[in-house]
Amino acid sequence: MALYRYIAASASPGIAEQYTSAIISYCEALAQFPKRGAARDDIRPGLRITNYRKRTVIAFAVDAESVSIIGVFYGGQDYESALQSGQDEEPSDNI
């Protein structure tokens with residue numbers, strides 16, 4: 001919900017709803033093409049990073065059966081430090 005609040009305060013609740021819903025759909029689509037984005041084993045083994053509209057970074061991991069969203073970072077957040085330190089962002093806290 002942090003991302004929603006950030007956009008709602010900067011733009012409007014309608015735009016925030018539209019943007020966060022689109023990110024959720026994008027994350028759900030990762031199941032169909034889980035190898036998109038860049039491998040970032042330098043940050044954490046098995047980590048992949050992709051961008052949504054060049055403003056939001058989605059960190060995720062892929063195993064044989066599923067795609068796990070590790071974090072959704074926006075507004076220039078330092079996702080590398082957060083992921084290296086183990087302070088993962090929960091998607092429900094960010095969207």
# chains A, B, ... in the order shown; residues from 1 in each chain; ligands from 1
>>> select_by_dssp(residues="chain A", states="strand (DSSP E)", output="list in words")
Ala38, Ala39, Leu47, Arg48, Ile49, Thr50, Asn51, Tyr52, Thr56, Val57, Ile58, Ala59, Phe60, Ala61, Val62, Val67, Ser68, Ile69, Ile70, Gly71, Val72, Phe73 and Tyr74 of chain A
>>> residues_around(residues="Asp42 (chain A)", least_positions_apart="6", cutoff="12 Å", atoms="only C-alpha atoms", output="number ranges by chain")
A: 48-49, 80-81, 83-84
>>> residues_around(residues="Arg40 (chain A)", least_positions_apart="3", cutoff="10 Å", atoms="only C-alpha atoms", output="number ranges by chain")
A: 37, 43-49, 59-61, 80
>>> write_last_selection(atoms="N, CA, C and O atoms", output="PDB file, in the first residue's frame")
ATOM      1  N   GLY A  37      13.832 -10.133 -17.549  1.00  0.00           N
ATOM      2  CA  GLY A  37      14.635  -9.354 -16.617  1.00  0.00           C
ATOM      3  C   GLY A  37      16.068  -9.834 -16.593  1.00  0.00           C
ATOM      4  O   GLY A  37      16.493 -10.630 -17.421  1.00  0.00           O
ATOM      5  N   ILE A  43      23.750  -9.889  -6.131  1.00  0.00           N
ATOM      6  CA  ILE A  43      23.039  -9.347  -4.971  1.00  0.00           C
ATOM      7  C   ILE A  43      22.567 -10.477  -4.069  1.00  0.00           C
ATOM      8  O   ILE A  43      22.736 -10.431  -2.856  1.00  0.00           O
ATOM      9  N   ARG A  44      21.977 -11.491  -4.695  1.00  0.00           N
ATOM     10  CA  ARG A  44      21.421 -12.627  -3.958  1.00  0.00           C
ATOM     11  C   ARG A  44      21.280 -13.784  -4.935  1.00  0.00           C
ATOM     12  O   ARG A  44      20.771 -13.582  -6.046  1.00  0.00           O
ATOM     13  N   PRO A  45      21.694 -14.991  -4.561  1.00  0.00           N
ATOM     14  CA  PRO A  45      21.572 -16.135  -5.477  1.00  0.00           C
ATOM     15  C   PRO A  45      20.123 -16.349  -5.937  1.00  0.00           C
ATOM     16  O   PRO A  45      19.197 -16.320  -5.126  1.00  0.00           O
ATOM     17  N   GLY A  46      19.955 -16.506  -7.245  1.00  0.00           N
ATOM     18  CA  GLY A  46      18.642 -16.764  -7.820  1.00  0.00           C
ATOM     19  C   GLY A  46      17.785 -15.536  -8.046  1.00  0.00           C
ATOM     20  O   GLY A  46      16.668 -15.638  -8.553  1.00  0.00           O
ATOM     21  N   LEU A  47      18.289 -14.367  -7.699  1.00  0.00           N
ATOM     22  CA  LEU A  47      17.510 -13.128  -7.838  1.00  0.00           C
ATOM     23  C   LEU A  47      17.454 -12.685  -9.289  1.00  0.00           C
ATOM     24  O   LEU A  47      18.439 -12.757 -10.020  1.00  0.00           O
ATOM     25  N   ARG A  48      16.285 -12.236  -9.700  1.00  0.00           N
ATOM     26  CA  ARG A  48      16.098 -11.612 -11.011  1.00  0.00           C
ATOM     27  C   ARG A  48      15.453 -10.251 -10.776  1.00  0.00           C
ATOM     28  O   ARG A  48      14.669 -10.075  -9.842  1.00  0.00           O
ATOM     29  N   ILE A  49      15.778  -9.309 -11.642  1.00  0.00           N
ATOM     30  CA  ILE A  49      15.261  -7.939 -11.553  1.00  0.00           C
ATOM     31  C   ILE A  49      14.641  -7.579 -12.895  1.00  0.00           C
ATOM     32  O   ILE A  49      15.219  -7.822 -13.952  1.00  0.00           O
ATOM     33  N   ALA A  59      11.768  -7.217  -7.926  1.00  0.00           N
ATOM     34  CA  ALA A  59      12.760  -8.241  -7.607  1.00  0.00           C
ATOM     35  C   ALA A  59      12.006  -9.548  -7.377  1.00  0.00           C
ATOM     36  O   ALA A  59      11.019  -9.582  -6.644  1.00  0.00           O
ATOM     37  N   PHE A  60      12.475 -10.628  -8.028  1.00  0.00           N
ATOM     38  CA  PHE A  60      11.779 -11.894  -7.904  1.00  0.00           C
ATOM     39  C   PHE A  60      12.743 -13.058  -8.040  1.00  0.00           C
ATOM     40  O   PHE A  60      13.886 -12.901  -8.465  1.00  0.00           O
ATOM     41  N   ALA A  61      12.277 -14.225  -7.638  1.00  0.00           N
ATOM     42  CA  ALA A  61      13.052 -15.462  -7.760  1.00  0.00           C
ATOM     43  C   ALA A  61      12.175 -16.493  -8.455  1.00  0.00           C
ATOM     44  O   ALA A  61      10.949 -16.475  -8.325  1.00  0.00           O
ATOM     45  N   GLU A  80      19.098  -2.586  -4.099  1.00  0.00           N
ATOM     46  CA  GLU A  80      20.266  -3.439  -3.938  1.00  0.00           C
ATOM     47  C   GLU A  80      20.655  -3.575  -2.473  1.00  0.00           C
ATOM     48  O   GLU A  80      20.870  -4.675  -1.979  1.00  0.00           O
TER      49      GLU A  80
END
>>> atom_distance(atom1="CA of Ala11 (chain A)", atom2="CA of Ile69 (chain A)")
25.9 Å
>>> atom_distance(atom1="CA of Gly14 (chain A)", atom2="CA of Tyr79 (chain A)")
26.5 Å
>>> closest_residue(among="A:Glu17, A:Ala8, A:Met1, A:Ile23", to="Tyr52 (chain A)", atoms="only C-alpha atoms")
A:Ile23
>>> residues_around(residues="Arg53 (chain A)", least_positions_apart="2", cutoff="12 Å", atoms="only C-alpha atoms", output="PDB file with N, CA, C and O atoms, in the first residue's frame")
ATOM      1  N   TYR A  19      -2.189   2.318 -11.626  1.00  0.00           N
ATOM      2  CA  TYR A  19      -0.777   1.956 -11.687  1.00  0.00           C
ATOM      3  C   TYR A  19      -0.485   0.697 -10.870  1.00  0.00           C
ATOM      4  O   TYR A  19       0.193  -0.216 -11.344  1.00  0.00           O
ATOM      5  N   THR A  20      -0.990   0.636  -9.648  1.00  0.00           N
ATOM      6  CA  THR A  20      -0.713  -0.528  -8.810  1.00  0.00           C
ATOM      7  C   THR A  20      -1.392  -1.782  -9.359  1.00  0.00           C
ATOM      8  O   THR A  20      -0.825  -2.871  -9.293  1.00  0.00           O
ATOM      9  N   ALA A  22      -1.851  -2.386 -12.504  1.00  0.00           N
ATOM     10  CA  ALA A  22      -1.020  -2.776 -13.646  1.00  0.00           C
ATOM     11  C   ALA A  22       0.243  -3.500 -13.182  1.00  0.00           C
ATOM     12  O   ALA A  22       0.677  -4.469 -13.817  1.00  0.00           O
ATOM     13  N   ILE A  23       0.829  -3.077 -12.080  1.00  0.00           N
ATOM     14  CA  ILE A  23       2.009  -3.758 -11.544  1.00  0.00           C
ATOM     15  C   ILE A  23       1.645  -5.165 -11.097  1.00  0.00           C
ATOM     16  O   ILE A  23       2.390  -6.122 -11.352  1.00  0.00           O
ATOM     17  N   TYR A  26       1.361  -7.267 -14.114  1.00  0.00           N
ATOM     18  CA  TYR A  26       2.698  -7.518 -14.645  1.00  0.00           C
ATOM     19  C   TYR A  26       3.381  -8.629 -13.841  1.00  0.00           C
ATOM     20  O   TYR A  26       3.991  -9.535 -14.420  1.00  0.00           O
ATOM     21  N   THR A  50      13.470  -6.981 -12.850  1.00  0.00           N
ATOM     22  CA  THR A  50      12.852  -6.429 -14.042  1.00  0.00           C
ATOM     23  C   THR A  50      12.287  -5.063 -13.688  1.00  0.00           C
ATOM     24  O   THR A  50      12.132  -4.732 -12.508  1.00  0.00           O
ATOM     25  N   ASN A  51      12.016  -4.277 -14.706  1.00  0.00           N
ATOM     26  CA  ASN A  51      11.467  -2.937 -14.487  1.00  0.00           C
ATOM     27  C   ASN A  51      10.068  -2.857 -15.047  1.00  0.00           C
ATOM     28  O   ASN A  51       9.766  -3.457 -16.073  1.00  0.00           O
ATOM     29  N   ARG A  55      10.147   2.943 -13.915  1.00  0.00           N
ATOM     30  CA  ARG A  55      10.053   3.659 -12.645  1.00  0.00           C
ATOM     31  C   ARG A  55       9.960   2.733 -11.451  1.00  0.00           C
ATOM     32  O   ARG A  55      10.172   3.158 -10.321  1.00  0.00           O
ATOM     33  N   THR A  56       9.624   1.494 -11.693  1.00  0.00           N
ATOM     34  CA  THR A  56       9.426   0.538 -10.620  1.00  0.00           C
ATOM     35  C   THR A  56      10.283  -0.694 -10.890  1.00  0.00           C
ATOM     36  O   THR A  56      10.278  -1.223 -11.988  1.00  0.00           O
ATOM     37  N   VAL A  57      11.026  -1.112  -9.878  1.00  0.00           N
ATOM     38  CA  VAL A  57      11.869  -2.297  -9.976  1.00  0.00           C
ATOM     39  C   VAL A  57      11.166  -3.436  -9.244  1.00  0.00           C
ATOM     40  O   VAL A  57      10.720  -3.267  -8.107  1.00  0.00           O
ATOM     41  N   ILE A  58      11.070  -4.577  -9.920  1.00  0.00           N
ATOM     42  CA  ILE A  58      10.457  -5.758  -9.321  1.00  0.00           C
ATOM     43  C   ILE A  58      11.561  -6.794  -9.155  1.00  0.00           C
ATOM     44  O   ILE A  58      12.218  -7.181 -10.115  1.00  0.00           O
ATOM     45  N   TYR A  74      10.285   1.511  -5.784  1.00  0.00           N
ATOM     46  CA  TYR A  74       9.891   2.629  -6.634  1.00  0.00           C
ATOM     47  C   TYR A  74      10.539   3.915  -6.149  1.00  0.00           C
ATOM     48  O   TYR A  74      11.094   3.962  -5.051  1.00  0.00           O
ATOM     49  N   GLY A  75      10.466   4.910  -6.979  1.00  0.00           N
ATOM     50  CA  GLY A  75      10.927   6.244  -6.588  1.00  0.00           C
ATOM     51  C   GLY A  75      12.396   6.321  -6.243  1.00  0.00           C
ATOM     52  O   GLY A  75      12.785   7.088  -5.382  1.00  0.00           O
TER      53      GLY A  75
END
>>> select_by_dssp(residues="chain A", states="helix (DSSP H, G or I)", output="MDAnalysis selection string")
chainID A and resid 2:10 13:29 79:84 91:94
>>> closest_residue(among="A:Asp78, A:Ser85, A:Ser25, A:Gly71", to="Leu3 (chain A)", atoms="only C-alpha atoms")
A:Gly71
